[in-house]
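Everything on this sheet refers to the single structure shown next.
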Amino acid sequence: MPFFKRRAPAHHSVWHESMQLSQWLGFAATELPELPELNKAPLLDPTRAFDVCHVGLVLRAVLGVQLLLALGAAVVARDAGQWLTLTANGTVVTMFAVLSWLLVVCAAKRLWPRLPEPVQWGALMLLGAVGALMGFGLLSLTSEDPSSAWRIASIAACGASGAALLLAWLKMREHTQRPADALAQLVELQSRIRPHFLFNTLNSAIALVQIDPARAESVLEDLAELFRVALADASTSVTLAEEVELARRYLAIEQIRFGKRLRIVWHLDPEANSVRVPPLLLQPLVENAVRHGVEPNDEGGELEVTTVRRGAEVEIRIVNTVGGPTRTAGHGLALRNVRQRLKLMHDVAARFEIESTEQRFSLRILVPL
């Protein structure tokens, strides 16, 4: 076919060839969706910078402030005894100030992004100053020493400075997520627009057109949905139910290709559907399972997907049988990418565990509700 000889940019070439193929088959032409610009950082969820509601982030903030307090007290203390006294007294102020600041920021995380940047800084620094003064007020209840204006001003200045440092850290943490989102989008674009996947799917649909038109239409709808998600903004979170539905569509396409060789078992807990996860979390993982657990084996293999709620967490487990070696060795990009995005979204509250034996490969993910 002559259109395979043309040279063009990858995504336009694949789309153009599929368009000509669809016209040859008599399908109506559709408009090419606007491709995301991969050289630009994707837009992030504006509330993400102020999402301080995770235990891991709270612990890091508290430990960081306590470390600064201990170092400052060590500079002015005459001996270890005075250092312990100063650190203990300062802890009353800093713990109250930091925890109250984080609590207010978490409670109003959707409000802060609506404010202009200078107002954000001013309001949160003022909040830090007020929190430090309230903590100092608690400490003063156990002390008979009078508080001078200089001391009160110094406490307020320290609280405002600490709040500024925390806010700067949160914003820097937000920016570190952009490379991960860009990499996720790039990896998925490369994976989803691989010519062999596209044309294998189109060939499956063509083969079904004459014998089962309804099923051919379903295959093309599934393929269109996969491309829609792959080309969409990868910076916002989605529900686990949406990810399961996308994985079902992908596996439905692969079922056409592998038939009875691909045996899929679902164990889905409805109570786990609402948990928020990074987009394109399950699809790369089930694709890995098919590619490494089913495709290389003449007898095929079994893929088991389980979701279950366990208290305040949701467990996602993907298990596939292992047989012969794959035709091409994997590089682990999908696994590393999923692990990194989980860490950036849920910090230490999320866990990503892999267990591999000669017969089975098991992947376990725990995310907080």
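Naming works like this for the structure tokens: A, B, ... for the chains as they're shown, residue 1 at the start of each chain, ligands 1 onward in shown order.
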Applying 9 Å and only C-alpha atoms, which residues near A:Ala129 remain after dropping the ones on its own chain fewer than 5 positions away? List them as an mmCIF file with C-alpha atoms, in the first residue's frame.
```
data_model
loop_
_atom_site.group_PDB
_atom_site.id
_atom_site.type_symbol
_atom_site.label_atom_id
_atom_site.label_comp_id
_atom_site.auth_asym_id
_atom_site.auth_seq_id
_atom_site.Cartn_x
_atom_site.Cartn_y
_atom_site.Cartn_z
ATOM 1 C CA ALA A 97 2.499 26.877 65.093
ATOM 2 C CA LEU A 124 0.104 32.371 54.863
ATOM 3 C CA MET A 134 -0.522 31.586 69.985
ATOM 4 C CA ILE A 155 8.341 35.356 67.740
ATOM 5 C CA ALA A 156 5.978 36.743 65.088
ATOM 6 C CA ALA A 157 8.870 37.289 62.649
ATOM 7 C CA CYS A 158 10.103 33.722 63.202
ATOM 8 C CA GLY A 159 6.605 32.358 62.618
ATOM 9 C CA ALA A 160 6.215 34.351 59.389
ATOM 10 C CA SER A 161 9.670 33.277 58.187
ATOM 11 C CA GLY A 162 8.959 29.626 58.959
ATOM 12 C CA ALA A 163 5.668 29.848 57.069
#
```
Could you check the closest approach to A:Leu139 for each of A:Ile354, A:Val55, A:Val92, A:Val305 and tell me which residue wins, using only C-alpha atoms? A:Val92
Spatial neighbours of A:Glu254, max dist 12 Å, only C-alpha atoms, sep filter under 5 positions, as a count of residues only: 27
Could you write out, as a ChimeraX atom specification, all the residues of stretch 87-275 of chain A that DSSP marks as strand (DSSP E or B)? /A:238-239,262-268
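In this comparison, which uses only C-alpha atoms, the residue of A:Thr87, A:Val348, A:Val93, A:Arg78 approaching A:Val58 most closely is A:Val348.
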Which of stretch 92-331 of chain A fall in helix (DSSP H, G or I), as a VMD selection string: chain A and resid 92 to 107 112 to 114 117 to 140 149 to 192 195 to 211 213 to 230 240 to 261 270 to 272 282 to 294
Can you pull out the residues contacting A:Leu138? Cut-off 12 Å, using only C-alpha atoms, and skip same-chain residues under 3 positions away; I want them as a VMD selection string. chain A and resid 89 to 97 131 to 135 141 to 143
Residues near A:Ala108, cut-off 12 Å, only C-alpha atoms, skip fewer than 4 positions along chain, as a VMD selection string: chain A and resid 47 to 53 101 to 104 112 to 115 120 124
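Our summary of the geometry notes that atom CA of A:Ala61 is positioned 26.2 Å from atom CA of A:Arg336.
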Suppose you want the space between atom CA of A:Gln359 and atom CA of A:Gly301; what is it in Å? 10.4 Å
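Of the listed residues A:Gly72, A:Gly56, A:Pro278, A:Pro118, the one whose atoms come nearest to A:Gln340 is A:Pro278, with distances taken using only C-alpha atoms.
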